[in-house]
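To be precise, the following lines are target_18.cif, and they hold mmCIF, C-alpha atoms.
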```
data_entry
loop_
_atom_site.label_atom_id
_atom_site.label_comp_id
_atom_site.auth_asym_id
_atom_site.auth_seq_id
_atom_site.Cartn_x
_atom_site.Cartn_y
_atom_site.Cartn_z
CA MET A 61 -0.09 7.90 102.16
CA ALA A 62 3.12 9.72 101.53
CA ASP A 63 1.78 12.86 103.30
CA VAL A 64 0.97 10.89 106.52
CA ARG A 65 4.48 9.45 106.59
CA ASP A 66 5.90 12.95 106.24
CA ILE A 67 3.79 14.26 109.23
CA MET A 68 4.74 11.31 111.42
CA GLU A 69 8.32 11.54 110.29
CA LEU A 70 8.35 7.93 109.24
CA GLU A 71 10.82 6.54 106.74
CA HIS A 72 9.67 6.08 103.21
CA PRO A 73 9.74 2.52 101.99
CA SER A 74 12.31 1.64 99.44
CA GLN A 75 9.56 0.80 96.94
CA GLU A 76 6.15 2.40 96.92
CA VAL A 77 3.30 -0.05 97.29
CA THR A 78 0.84 0.37 94.46
CA ARG A 79 -1.89 -1.67 92.90
CA GLU A 80 0.30 -2.54 90.00
CA SER A 81 3.08 -3.72 92.33
CA ILE A 82 0.68 -6.03 94.21
CA ILE A 83 -1.57 -7.33 91.41
CA GLY A 84 0.68 -6.90 88.48
CA SER A 85 0.48 -4.86 85.30
CA ASP A 86 -1.83 -5.94 82.54
CA LYS A 87 0.49 -4.59 79.89
CA GLN A 88 3.03 -6.92 78.47
CA LYS A 89 6.57 -5.94 78.82
CA LYS A 90 7.94 -4.35 75.68
CA ARG A 91 10.86 -6.18 74.23
CA PRO A 92 13.70 -4.04 73.03
CA PRO A 93 13.94 -3.94 69.25
CA PRO A 94 16.69 -6.02 67.73
CA PRO A 95 19.72 -4.09 66.70
CA THR A 96 19.55 -3.05 63.05
CA LYS A 97 22.38 -3.88 60.78
CA THR A 98 23.88 -0.72 59.46
CA GLN A 99 25.19 -0.81 55.96
CA LYS A 100 28.67 0.48 55.66
CA ARG A 101 29.33 3.19 53.12
CA PRO A 102 31.84 1.98 50.55
CA GLU A 103 35.18 3.58 50.48
CA GLY A 104 35.47 6.38 47.96
CA MET A 105 31.68 6.94 47.64
CA HIS A 106 30.38 10.36 48.58
CA ARG A 107 27.89 10.70 51.40
CA GLU A 108 25.28 12.27 49.14
CA VAL A 109 25.50 9.41 46.66
CA PHE A 110 25.23 6.85 49.46
CA ALA A 111 22.17 8.67 50.85
CA LEU A 112 20.40 8.11 47.54
CA LEU A 113 20.94 4.38 47.92
CA TYR A 114 20.21 4.06 51.64
CA ASN A 115 18.13 6.28 53.96
CA ASP A 116 17.08 6.34 57.61
CA SER A 117 13.70 4.63 57.03
CA LYS A 118 15.49 1.28 56.97
CA ASP A 119 14.57 0.61 53.39
CA VAL A 120 16.53 -1.97 51.51
CA SER A 121 18.88 -0.31 49.13
CA PRO A 122 18.02 -0.95 45.45
CA LEU A 123 21.70 -1.32 44.63
CA PHE A 124 24.22 -3.26 46.57
CA PRO A 125 27.94 -2.80 45.99
CA SER A 126 29.50 -5.99 44.73
CA ASP A 127 33.08 -4.91 45.13
CA THR A 128 33.90 -2.70 48.11
CA GLY A 129 37.53 -3.59 48.34
CA HIS A 130 38.84 -1.41 45.53
CA GLY A 131 36.26 1.34 45.93
CA TYR A 132 35.44 3.85 43.30
CA LYS A 133 38.92 5.17 42.79
CA GLN A 134 40.26 5.20 39.25
CA THR A 135 42.74 2.45 38.69
CA LYS A 136 46.04 3.17 37.08
CA ILE A 137 46.74 2.02 33.58
CA LYS A 138 48.83 -1.09 33.29
CA LEU A 139 51.52 -0.59 30.74
CA GLY A 140 53.28 -3.51 29.17
CA MET A 141 56.96 -3.93 28.66
CA ARG A 142 56.75 -4.01 24.86
CA LYS A 143 57.94 -1.08 22.84
CA PRO A 144 55.25 1.02 21.13
CA ARG A 145 54.96 0.94 17.37
CA LYS A 146 56.44 3.86 15.54
CA TRP A 147 54.51 6.39 13.50
CA LYS A 148 56.14 8.34 10.73
CA TRP A 149 55.20 11.53 8.89
CA MET A 150 54.91 10.20 5.33
CA GLN A 151 53.75 11.66 2.04
CA PHE A 152 50.87 10.48 -0.15
CA THR A 153 48.99 11.56 -3.28
CA ASN A 154 45.27 11.79 -3.94
CA PRO A 155 44.32 10.01 -7.19
CA ALA A 156 41.23 12.21 -7.44
CA ARG A 157 43.47 15.19 -8.20
CA THR A 158 45.11 15.62 -11.56
CA ASP A 159 47.69 18.28 -10.55
CA GLY A 160 49.96 15.80 -8.71
CA THR A 161 49.83 17.61 -5.36
CA ILE A 162 51.70 15.83 -2.56
CA PHE A 163 50.16 15.63 0.93
CA TYR A 164 51.51 14.32 4.24
CA HIS A 165 49.99 12.33 7.10
CA TRP A 166 51.02 10.06 9.98
CA ARG A 167 51.36 6.40 9.14
CA ARG A 168 53.05 3.32 10.51
CA PRO A 169 56.09 2.31 8.47
CA SER A 170 55.08 -1.34 8.75
CA ASP A 171 51.75 -0.70 6.96
CA GLU A 172 51.72 -1.18 3.25
CA PRO A 173 51.03 1.94 1.19
CA LYS A 174 47.41 1.96 0.01
CA GLU A 175 45.31 4.21 -2.17
CA TYR A 176 43.89 7.22 -0.44
CA PRO A 177 40.56 5.89 0.98
CA PHE A 178 38.58 9.10 0.39
CA ALA A 179 39.35 9.11 -3.33
CA LYS A 180 36.37 6.78 -3.91
CA PHE A 181 34.00 9.66 -3.17
CA ASN A 182 35.24 11.60 -6.19
CA LYS A 183 32.36 10.73 -8.54
CA LYS A 184 32.38 12.37 -11.94
CA VAL A 185 29.52 12.76 -14.38
CA ASP A 186 29.96 11.36 -17.87
CA VAL A 187 29.68 14.33 -20.21
CA VAL A 188 29.11 13.78 -23.90
CA THR A 189 32.04 14.38 -26.23
CA TYR A 190 32.36 14.64 -30.00
CA THR A 191 34.96 15.11 -32.70
CA ASP A 192 35.21 17.87 -35.29
CA ALA A 193 34.00 15.54 -38.04
CA GLU A 194 30.95 14.46 -36.01
CA TYR A 195 30.09 18.07 -35.26
CA GLN A 196 30.33 19.13 -38.89
CA GLN A 197 28.16 16.23 -40.09
CA HIS A 198 25.49 15.88 -37.37
CA LEU A 199 25.61 18.65 -34.73
CA ARG A 200 25.49 21.88 -36.74
CA VAL A 201 22.38 23.96 -36.00
CA ASP A 202 21.37 27.55 -36.58
CA GLY A 203 22.08 29.90 -33.70
CA TRP A 204 24.89 27.83 -32.17
CA SER A 205 28.47 28.00 -33.32
CA LYS A 206 31.11 25.36 -32.65
CA GLU A 207 33.03 27.69 -30.31
CA GLU A 208 29.91 28.31 -28.20
CA THR A 209 29.08 24.59 -28.13
CA ASP A 210 32.63 23.78 -27.02
CA HIS A 211 32.33 26.42 -24.30
CA MET A 212 29.07 24.84 -23.08
CA ILE A 213 30.62 21.34 -22.98
CA GLU A 214 33.60 22.73 -21.06
CA LEU A 215 31.28 24.28 -18.46
CA ALA A 216 29.36 20.99 -18.23
CA GLN A 217 32.57 19.12 -17.45
CA ARG A 218 33.67 21.78 -14.99
CA PHE A 219 30.43 21.98 -13.00
CA ASP A 220 29.20 18.37 -13.45
CA LEU A 221 26.06 19.31 -15.42
CA ARG A 222 24.85 21.82 -12.86
CA PHE A 223 22.99 23.87 -15.42
CA ILE A 224 22.20 26.76 -13.08
CA LEU A 225 25.93 27.28 -12.44
CA MET A 226 26.62 26.86 -16.13
CA ALA A 227 24.14 29.63 -16.97
CA ASP A 228 25.64 31.85 -14.27
CA ARG A 229 29.25 31.39 -15.48
CA TYR A 230 28.36 31.61 -19.14
CA ASP A 231 30.67 33.90 -21.11
CA THR A 232 28.22 36.58 -22.23
CA GLU A 233 30.97 38.81 -23.62
CA LYS A 234 31.81 36.42 -26.46
CA PHE A 235 28.47 34.65 -26.83
CA PRO A 236 24.83 35.69 -26.45
CA LYS A 237 23.14 35.21 -23.10
CA ARG A 238 21.49 31.81 -22.74
CA SER A 239 18.87 30.68 -20.26
CA VAL A 240 18.98 27.41 -18.34
CA GLU A 241 16.34 25.90 -20.64
CA ASP A 242 18.31 26.85 -23.77
CA ILE A 243 21.49 25.26 -22.44
CA LYS A 244 19.60 22.08 -21.44
CA ASP A 245 17.89 21.88 -24.82
CA ARG A 246 21.18 22.19 -26.72
CA TYR A 247 23.02 19.70 -24.49
CA TYR A 248 20.34 16.97 -24.56
CA LYS A 249 19.89 17.29 -28.30
CA ILE A 250 23.62 16.62 -28.69
CA CYS A 251 23.25 13.61 -26.35
CA GLY A 252 20.37 12.26 -28.44
CA VAL A 253 22.27 12.58 -31.71
CA MET A 254 25.40 10.93 -30.29
CA SER A 255 23.33 8.09 -28.78
CA LYS A 256 21.75 7.39 -32.18
CA LEU A 257 25.19 7.33 -33.82
CA LYS A 258 26.46 4.83 -31.21
CA GLY A 259 23.37 2.63 -31.61
CA GLU A 260 22.15 3.03 -28.04
CA LYS A 261 18.51 2.33 -27.23
CA LYS A 262 18.28 4.95 -24.47
CA ILE A 263 17.95 8.37 -26.08
CA TYR A 264 17.74 11.59 -24.07
CA THR A 265 14.88 13.95 -24.86
CA TYR A 266 14.08 17.32 -23.35
CA ASP A 267 10.83 19.27 -23.80
CA VAL A 268 11.90 22.88 -23.51
CA ASP A 269 8.40 24.31 -24.03
CA HIS A 270 6.93 22.20 -21.25
CA GLU A 271 9.75 23.23 -18.90
CA LYS A 272 9.18 26.92 -19.60
CA ARG A 273 5.43 26.61 -19.01
CA ARG A 274 6.09 24.71 -15.78
CA LYS A 275 8.35 27.43 -14.42
CA GLU A 276 5.89 30.13 -15.43
CA GLN A 277 3.13 28.34 -13.56
CA LEU A 278 5.34 27.94 -10.51
CA LYS A 279 6.19 31.64 -10.62
CA LYS A 280 2.50 32.55 -10.80
CA LEU A 281 1.77 30.21 -7.90
CA TYR A 282 4.57 31.77 -5.84
CA ASP A 283 3.51 35.34 -6.62
CA ARG A 284 -0.08 34.89 -5.37
CA THR A 285 -1.37 37.41 -2.86
CA GLN A 286 -3.00 36.53 0.45
CA GLU A 287 -6.44 37.42 -0.94
CA GLN A 288 -5.99 34.99 -3.82
CA ILE A 289 -4.91 32.20 -1.46
CA GLU A 290 -7.97 32.75 0.76
CA GLU A 291 -10.24 32.80 -2.28
CA GLU A 292 -8.78 29.49 -3.50
CA GLN A 293 -9.29 27.88 -0.09
CA PHE A 294 -12.90 29.12 -0.05
CA LEU A 295 -13.51 27.63 -3.50
CA MET A 296 -12.02 24.31 -2.43
CA LEU A 297 -14.37 24.16 0.57
CA GLU A 298 -17.34 24.94 -1.66
CA LEU A 299 -16.28 22.21 -4.09
CA LYS A 300 -16.16 19.66 -1.26
CA LYS A 301 -19.67 20.69 -0.19
CA ILE A 302 -20.96 20.33 -3.75
CA GLU A 303 -19.42 16.84 -4.05
CA ALA A 304 -20.95 15.80 -0.72
CA ARG A 305 -24.40 16.99 -1.83
CA LYS A 306 -23.96 15.20 -5.15
CA LYS A 307 -23.12 11.91 -3.43
CA GLU A 308 -26.12 12.27 -1.13
CA ARG A 309 -28.40 12.95 -4.11
CA GLU A 310 -27.03 9.91 -5.97
CA ARG A 311 -27.56 7.71 -2.91
CA LYS A 312 -31.18 8.83 -2.63
CA THR A 313 -31.68 8.24 -6.37
CA GLN A 314 -30.34 4.69 -6.09
CA ASP A 315 -32.61 3.97 -3.13
CA LEU A 316 -35.60 5.29 -5.09
CA GLN A 317 -34.70 3.15 -8.11
CA LYS A 318 -34.51 0.07 -5.89
CA LEU A 319 -37.97 0.77 -4.49
CA ILE A 320 -39.41 1.28 -7.99
CA SER A 321 -37.83 -1.94 -9.30
CA GLN A 322 -39.15 -3.89 -6.32
CA ALA A 323 -42.65 -2.51 -6.89
CA ASP A 324 -42.48 -3.41 -10.61
CA ASN A 325 -41.38 -6.96 -9.82
CA GLN A 326 -44.25 -7.41 -7.39
CA THR A 327 -46.83 -6.23 -9.94
CA GLU A 328 -45.40 -8.37 -12.76
CA THR A 329 -45.27 -11.56 -10.70
CA PRO A 330 -48.37 -13.66 -11.46
CA LYS A 331 -50.53 -14.69 -8.54
CA LYS A 332 -50.40 -18.29 -7.58
CA ALA A 333 -53.55 -20.35 -7.57
CA ASP A 334 -55.33 -20.41 -4.21
CA LYS A 335 -56.45 -24.00 -4.55
CA LYS A 336 -54.34 -26.82 -5.84
CA ILE A 337 -55.77 -29.86 -7.59
CA PRO A 338 -55.33 -32.90 -5.33
CA LYS A 339 -53.17 -35.55 -6.93
CA LYS A 340 -53.85 -39.23 -6.72
CA LYS A 341 -51.14 -41.03 -4.86
CA LEU A 342 -49.64 -43.92 -6.78
CA ALA A 343 -48.41 -47.16 -5.29
CA ASN A 344 -45.04 -47.11 -7.04
CA PRO A 345 -42.61 -45.17 -4.76
CA SER A 346 -39.63 -45.50 -7.10
CA ARG A 347 -41.04 -43.34 -9.91
CA PRO A 348 -40.16 -39.60 -9.83
CA SER A 349 -42.73 -37.15 -8.55
CA ARG A 350 -44.14 -34.30 -10.61
CA VAL A 351 -42.30 -31.01 -10.25
CA ASP A 352 -44.06 -27.66 -10.17
CA THR A 353 -42.96 -25.67 -13.25
CA THR A 354 -44.80 -22.43 -12.58
CA HIS A 355 -41.60 -20.75 -11.50
CA ILE A 356 -39.73 -21.72 -14.69
CA PHE A 357 -41.37 -19.06 -16.85
CA GLN A 358 -40.77 -16.42 -14.18
CA VAL A 359 -37.06 -17.29 -14.14
CA VAL A 360 -36.82 -17.15 -17.92
CA GLU A 361 -38.61 -13.80 -18.11
CA THR A 362 -36.29 -12.21 -15.53
CA ALA A 363 -33.14 -13.94 -16.85
CA GLY A 364 -30.12 -12.04 -18.11
CA ILE A 365 -27.60 -9.71 -16.50
CA LYS A 366 -28.52 -6.27 -15.23
CA PHE A 367 -25.36 -4.22 -15.44
CA PRO A 368 -25.15 -1.11 -13.21
CA ASP A 369 -25.63 2.29 -14.79
CA TYR A 370 -22.64 4.62 -14.36
CA LYS A 371 -24.08 7.59 -16.23
CA ASN A 372 -25.07 9.52 -13.11
CA SER A 373 -22.31 8.36 -10.79
CA GLY A 374 -19.62 10.91 -11.67
CA VAL A 375 -16.27 10.06 -13.23
CA SER A 376 -15.76 6.33 -13.88
CA LEU A 377 -13.74 4.01 -16.08
CA ARG A 378 -15.46 2.55 -19.11
CA SER A 379 -14.00 -0.86 -18.25
CA GLN A 380 -16.14 -0.90 -15.10
CA ARG A 381 -19.23 -1.27 -17.27
CA MET A 382 -18.02 -4.68 -18.44
CA LYS A 383 -17.51 -5.96 -14.90
CA LEU A 384 -19.99 -8.68 -13.97
CA PRO A 385 -22.32 -7.78 -11.08
CA ALA A 386 -22.01 -9.53 -7.74
CA ASN A 387 -25.32 -11.37 -8.14
CA VAL A 388 -23.91 -13.42 -11.04
CA GLY A 389 -22.81 -16.72 -9.53
CA GLN A 390 -19.54 -18.51 -10.12
CA LYS A 391 -21.24 -21.22 -12.17
CA LYS A 392 -22.65 -18.68 -14.62
CA SER A 393 -19.30 -16.88 -14.80
CA LYS A 394 -17.54 -20.11 -15.72
CA GLY A 395 -20.21 -20.85 -18.32
CA ILE A 396 -19.79 -17.39 -19.86
CA GLU A 397 -16.01 -17.86 -20.05
CA GLN A 398 -16.43 -21.27 -21.70
CA LEU A 399 -18.84 -19.91 -24.32
CA LEU A 400 -16.53 -16.98 -25.07
CA GLN A 401 -13.61 -19.35 -25.56
CA GLU A 402 -15.69 -21.53 -27.88
CA MET A 403 -16.58 -18.44 -29.93
CA GLY A 404 -12.93 -17.34 -30.01
CA LEU A 405 -13.58 -14.03 -28.24
CA GLU A 406 -11.42 -12.28 -25.67
CA LEU A 407 -12.46 -12.36 -22.04
CA ASN A 408 -11.50 -8.68 -21.57
CA PRO A 409 -11.77 -6.82 -24.91
CA ILE A 410 -10.85 -3.18 -25.46
CA PRO A 411 -13.54 -1.18 -23.59
CA THR A 412 -14.75 1.19 -26.28
CA GLU A 413 -18.31 2.53 -26.11
CA GLU A 414 -19.65 0.23 -28.82
CA ILE A 415 -17.74 -2.84 -27.62
CA CYS A 416 -18.96 -2.33 -24.02
CA GLN A 417 -22.60 -2.22 -25.13
CA HIS A 418 -22.44 -5.24 -27.46
CA PHE A 419 -20.23 -7.28 -25.12
CA ASN A 420 -22.65 -6.79 -22.21
CA GLU A 421 -25.62 -7.70 -24.42
CA LEU A 422 -23.82 -10.84 -25.59
CA ARG A 423 -23.11 -12.03 -22.06
CA SER A 424 -26.67 -11.23 -20.99
CA ASP A 425 -27.94 -13.38 -23.89
CA MET A 426 -25.56 -16.14 -22.82
CA VAL A 427 -27.04 -16.16 -19.33
CA LEU A 428 -30.54 -16.17 -20.88
CA LEU A 429 -29.51 -19.16 -23.00
CA MET A 430 -28.29 -21.00 -19.91
CA GLU A 431 -31.58 -20.33 -18.14
CA ILE A 432 -33.57 -21.53 -21.18
CA LYS A 433 -31.49 -24.72 -21.37
CA SER A 434 -32.07 -25.33 -17.68
CA ALA A 435 -35.82 -24.74 -18.11
CA LEU A 436 -35.89 -27.06 -21.15
CA SER A 437 -34.18 -29.86 -19.25
CA THR A 438 -36.63 -29.37 -16.38
CA CYS A 439 -39.61 -29.64 -18.76
CA GLU A 440 -38.14 -32.77 -20.36
CA TYR A 441 -37.73 -34.29 -16.93
CA GLU A 442 -41.39 -33.46 -16.21
CA LEU A 443 -42.55 -35.09 -19.43
CA GLN A 444 -40.62 -38.26 -18.66
CA SER A 445 -42.12 -38.31 -15.16
CA LEU A 446 -45.64 -37.99 -16.62
CA ARG A 447 -44.97 -40.81 -19.10
CA HIS A 448 -43.79 -43.14 -16.33
CA GLN A 449 -46.83 -42.27 -14.22
CA TYR A 450 -49.15 -43.00 -17.15
CA GLU A 451 -47.49 -46.35 -17.83
CA ALA A 452 -47.72 -47.28 -14.14
CA VAL A 453 -51.46 -46.51 -14.05
CA ASN A 454 -52.21 -48.14 -17.42
CA PRO A 455 -50.04 -51.24 -17.83
CA GLY A 456 -49.35 -52.28 -21.39
CA ARG A 457 -50.02 -48.84 -22.80
CA THR A 458 -47.44 -46.23 -23.77
CA LEU A 459 -47.86 -42.48 -23.66
CA THR A 460 -46.75 -40.90 -26.93
CA ILE A 461 -45.11 -37.46 -26.50
CA PRO A 462 -45.53 -35.07 -29.47
CA PRO A 463 -42.27 -34.41 -31.39
CA GLN A 464 -42.56 -30.63 -30.95
CA LEU A 465 -42.28 -31.10 -27.18
CA LEU A 466 -39.06 -33.08 -27.42
CA SER A 467 -35.57 -31.67 -27.81
CA ASN A 468 -33.31 -32.58 -30.72
CA LEU A 469 -31.31 -34.95 -28.56
CA GLU A 470 -34.34 -36.98 -27.57
CA LEU A 471 -35.57 -37.13 -31.17
CA ASP A 472 -32.21 -38.51 -32.29
CA ASN A 473 -32.29 -41.14 -29.57
CA LYS A 474 -35.85 -42.11 -30.48
CA VAL A 475 -35.13 -42.44 -34.19
CA GLY A 476 -31.79 -44.17 -33.78
CA GLY A 477 -32.41 -46.48 -30.85
CA GLY A 478 -36.15 -47.00 -31.09
CA GLU A 479 -36.59 -46.41 -27.38
CA ILE A 480 -36.32 -43.40 -25.11
CA ILE A 481 -33.78 -43.79 -22.35
CA ASP A 482 -35.18 -43.13 -18.91
CA VAL A 483 -34.05 -39.85 -17.40
CA VAL A 484 -32.31 -40.16 -14.08
CA GLY A 485 -31.71 -36.82 -12.44
CA SER A 486 -33.46 -33.85 -10.99
CA PRO A 487 -34.66 -30.48 -12.30
CA SER A 488 -31.77 -28.72 -10.60
CA THR A 489 -29.19 -30.94 -12.36
CA PRO A 490 -29.99 -30.94 -16.11
CA THR A 491 -28.80 -33.90 -18.14
CA SER A 492 -27.99 -31.93 -21.29
#
```

For the structure just supplied, provide its representation as structure tokens.
Amino acid sequence: MADVRDIMELEHPSQEVTRESIIGSDKQKKRPPPPTKTQKRPEGMHREVFALLYNDSKDVSPLFPSDTGHGYKQTKIKLGMRKPRKWKWMQFTNPARTDGTIFYHWRRPSDEPKEYPFAKFNKKVDVVTYTDAEYQQHLRVDGWSKEETDHMIELAQRFDLRFILMADRYDTEKFPKRSVEDIKDRYYKICGVMSKLKGEKKIYTYDVDHEKRRKEQLKKLYDRTQEQIEEEQFLMLELKKIEARKKERERKTQDLQKLISQADNQTETPKKADKKIPKKKLANPSRPSRVDTTHIFQVVETAGIKFPDYKNSGVSLRSQRMKLPANVGQKKSKGIEQLLQEMGLELNPIPTEEICQHFNELRSDMVLLMEIKSALSTCEYELQSLRHQYEAVNPGRTLTIPPQLLSNLELDNKVGGGEIIDVVGSPSTPTS
């Protein structure tokens, strides 16, 4: 259309007619973005520092200055109108020194003179002292003269019992050369004698032979070659392997012993009867029922305590043999303690070989006695139940129980009272 207007030399319209101008544009008019608030850089802050806090991506700064009026300039010190306190170059003495040397330091004249604070760190060792009479009566030994002993005590006071320095500064021109162990032995023997004279309970002792052997062993350990160190490490690894194999073998042995004991228990257990004799039901529901006593003899036969065997378990304490196994209940443990107290025996005697064996046998017999008493009370309960059943079936007749089947307590009751008291209880709770 514009080309035709150019050929015909027509004027161009002020606004070109297009489809969008007639119909309208489908696109919504874009609104100009709201003006962003620019954060002002505080006065005195460098541009690089401010760029770390605020960037061009319009992120909110993590830190916001709370006081922008004063800026980051260093404020001047505010001095008061009072006069400063005076300091004076004054002298002082150190009580830790005995030569009376005078020192100087700055101090306020208003402060009271105090003891030098660092004098408390002057700790001195108490070195033993003696008189000439004490030395002549108690401290004379062969090989040590009084002059040499006095020289040793003087070195001990000078070097605060640092025996290595004492041996190094020892006067070998006047006296024979002494080792550190010799000086220690002589000094601590003097301390022991003087402590006995003063009546003190704490007496110093020094084993010079043990100290010499210890240093010789340390010297041999330090002088080992690389081949000896590697050989020792190899032997240690082999020892660990041997111990691991030994533990594995012991574990397999214990498992095998458990299997053998289980098989023995199964073969020794008597077989129960396949058929049971039917019992006639009685009309009296209040009388006690008959209890099966076949298991009583099995319990008595297997009663006692089976202590673990520590012979093949490596190094162990002998006192572990007297420890009660875990399968012994608390009730039996209390019964054992009560019986031991009645006998006047110790609960934990000295674990010698003979005492361990006899003490374990005694406690095993005690448990066996408890089981027998429990079985006896169960049998007595069964006899009383049978007597009541017989009297209920046959009124007016009494079942006589043989004396050998009765315990001493029941015989006493029968002779003294003329009648047997009815037993009220159960097999699990004996009346005796």

Target residues per the PyMOL selection byres ((chain A and resi 153) around 6), formatted as a list in words = Phe152, Asn154, Ile162 and Phe163 of chain A

How many Å lie between CA of Gln293 in chain A and CA of Lys306 in chain A, rounded to one decimal?
-> 20.0 Å

I would like the residues chosen by the PyMOL selection byres ((chain A and resi 220-223) around 10) on the shown file; could you give them as a PDB file with C-alpha atoms, in the frame of the given file?
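To be explicit, this is the file written out as selection_6.pdb:
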```
ATOM      1  CA  LYS A 183      32.360  10.730  -8.540  1.00  0.00           C
ATOM      2  CA  LYS A 184      32.380  12.370 -11.940  1.00  0.00           C
ATOM      3  CA  VAL A 185      29.520  12.760 -14.380  1.00  0.00           C
ATOM      4  CA  ASP A 186      29.960  11.360 -17.870  1.00  0.00           C
ATOM      5  CA  VAL A 187      29.680  14.330 -20.210  1.00  0.00           C
ATOM      6  CA  MET A 212      29.070  24.840 -23.080  1.00  0.00           C
ATOM      7  CA  ILE A 213      30.620  21.340 -22.980  1.00  0.00           C
ATOM      8  CA  GLU A 214      33.600  22.730 -21.060  1.00  0.00           C
ATOM      9  CA  LEU A 215      31.280  24.280 -18.460  1.00  0.00           C
ATOM     10  CA  ALA A 216      29.360  20.990 -18.230  1.00  0.00           C
ATOM     11  CA  GLN A 217      32.570  19.120 -17.450  1.00  0.00           C
ATOM     12  CA  ARG A 218      33.670  21.780 -14.990  1.00  0.00           C
ATOM     13  CA  PHE A 219      30.430  21.980 -13.000  1.00  0.00           C
ATOM     14  CA  ILE A 224      22.200  26.760 -13.080  1.00  0.00           C
ATOM     15  CA  LEU A 225      25.930  27.280 -12.440  1.00  0.00           C
ATOM     16  CA  MET A 226      26.620  26.860 -16.130  1.00  0.00           C
ATOM     17  CA  ALA A 227      24.140  29.630 -16.970  1.00  0.00           C
ATOM     18  CA  ASP A 228      25.640  31.850 -14.270  1.00  0.00           C
ATOM     19  CA  ARG A 229      29.250  31.390 -15.480  1.00  0.00           C
ATOM     20  CA  SER A 239      18.870  30.680 -20.260  1.00  0.00           C
ATOM     21  CA  VAL A 240      18.980  27.410 -18.340  1.00  0.00           C
ATOM     22  CA  GLU A 241      16.340  25.900 -20.640  1.00  0.00           C
ATOM     23  CA  ILE A 243      21.490  25.260 -22.440  1.00  0.00           C
ATOM     24  CA  LYS A 244      19.600  22.080 -21.440  1.00  0.00           C
ATOM     25  CA  TYR A 247      23.020  19.700 -24.490  1.00  0.00           C
TER      26      TYR A 247
END
```

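Put simply, the PyMOL selection byres ((chain A and resi 411) around 8) in this file takes in Arg378, Ser379, Met382, Pro409, Ile410, Thr412, Glu413, Ile415 and Cys416 of chain A.
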
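Counting all atoms listed in the file and comparing A:Arg238, A:Asp159, A:Trp166, A:Leu384, the residue that lies closest to Trp147 in chain A is A:Trp166.
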
Which residues of range 128-207 of chain A sit at most 10 Å from range 250-254 of chain A, using all atoms listed in the file? Give each one's shortest atom pair and distance in Å (one decimal place), in chain and ascending residue order, as JSON lines.
```
{"residue": "A:Val187", "atom": "CA", "partner": "A:Cys251", "partner_atom": "CA", "distance": 8.9}
{"residue": "A:Val188", "atom": "CA", "partner": "A:Cys251", "partner_atom": "CA", "distance": 6.4}
{"residue": "A:Thr189", "atom": "CA", "partner": "A:Met254", "partner_atom": "CA", "distance": 8.5}
{"residue": "A:Tyr190", "atom": "CA", "partner": "A:Met254", "partner_atom": "CA", "distance": 7.9}
{"residue": "A:Glu194", "atom": "CA", "partner": "A:Met254", "partner_atom": "CA", "distance": 8.7}
{"residue": "A:Tyr195", "atom": "CA", "partner": "A:Ile250", "partner_atom": "CA", "distance": 9.3}
{"residue": "A:His198", "atom": "CA", "partner": "A:Val253", "partner_atom": "CA", "distance": 7.3}
{"residue": "A:Leu199", "atom": "CA", "partner": "A:Ile250", "partner_atom": "CA", "distance": 6.7}
{"residue": "A:Arg200", "atom": "CA", "partner": "A:Ile250", "partner_atom": "CA", "distance": 9.8}
```

Take the selection from the previous step and output its residues with C-alpha atoms, as a tab-separated table (two decimals), in the frame of the given file.
```tsv
chain	number	residue	atom	x	y	z
A	187	VAL	CA	29.68	14.33	-20.21
A	188	VAL	CA	29.11	13.78	-23.90
A	189	THR	CA	32.04	14.38	-26.23
A	190	TYR	CA	32.36	14.64	-30.00
A	194	GLU	CA	30.95	14.46	-36.01
A	195	TYR	CA	30.09	18.07	-35.26
A	198	HIS	CA	25.49	15.88	-37.37
A	199	LEU	CA	25.61	18.65	-34.73
A	200	ARG	CA	25.49	21.88	-36.74
```

Distance CA of Ala435 in chain A-CA of Leu466 in chain A, one decimal place?
-> 12.9 Å

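Atom to atom, CA of Arg168 in chain A and CA of Arg145 in chain A stand 7.5 Å apart.
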
Residues within 12 Å of Pro169 in chain A, only C-alpha atoms, excluding chain neighbours under 3 positions, as JSON, numbers by chain | {"A": [145, 146, 147, 148, 149, 150, 151, 165, 166, 172, 173]}

Contact residues around Lys180 in chain A with all atoms listed in the file at 12 Å, ignoring same-chain residues under 5 positions, as an NGL selection string | :A and (154-157 or 175)

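Nearest residue to Ser445 in chain A among A:Glu308, A:Tyr176, A:Ile461, A:Lys433 is A:Ile461, counting all atoms listed in the file.
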
Counting all atoms listed in the file, the option among A:Lys318, A:Asn182, A:Lys143, A:Lys275 closest to Thr158 in chain A = A:Asn182

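Compared by their closest atoms to Val427 in chain A, and using all atoms listed in the file, the residues A:Val375, A:Ile320, A:Ala386, A:Ile365 rank with A:Ile365 nearest.
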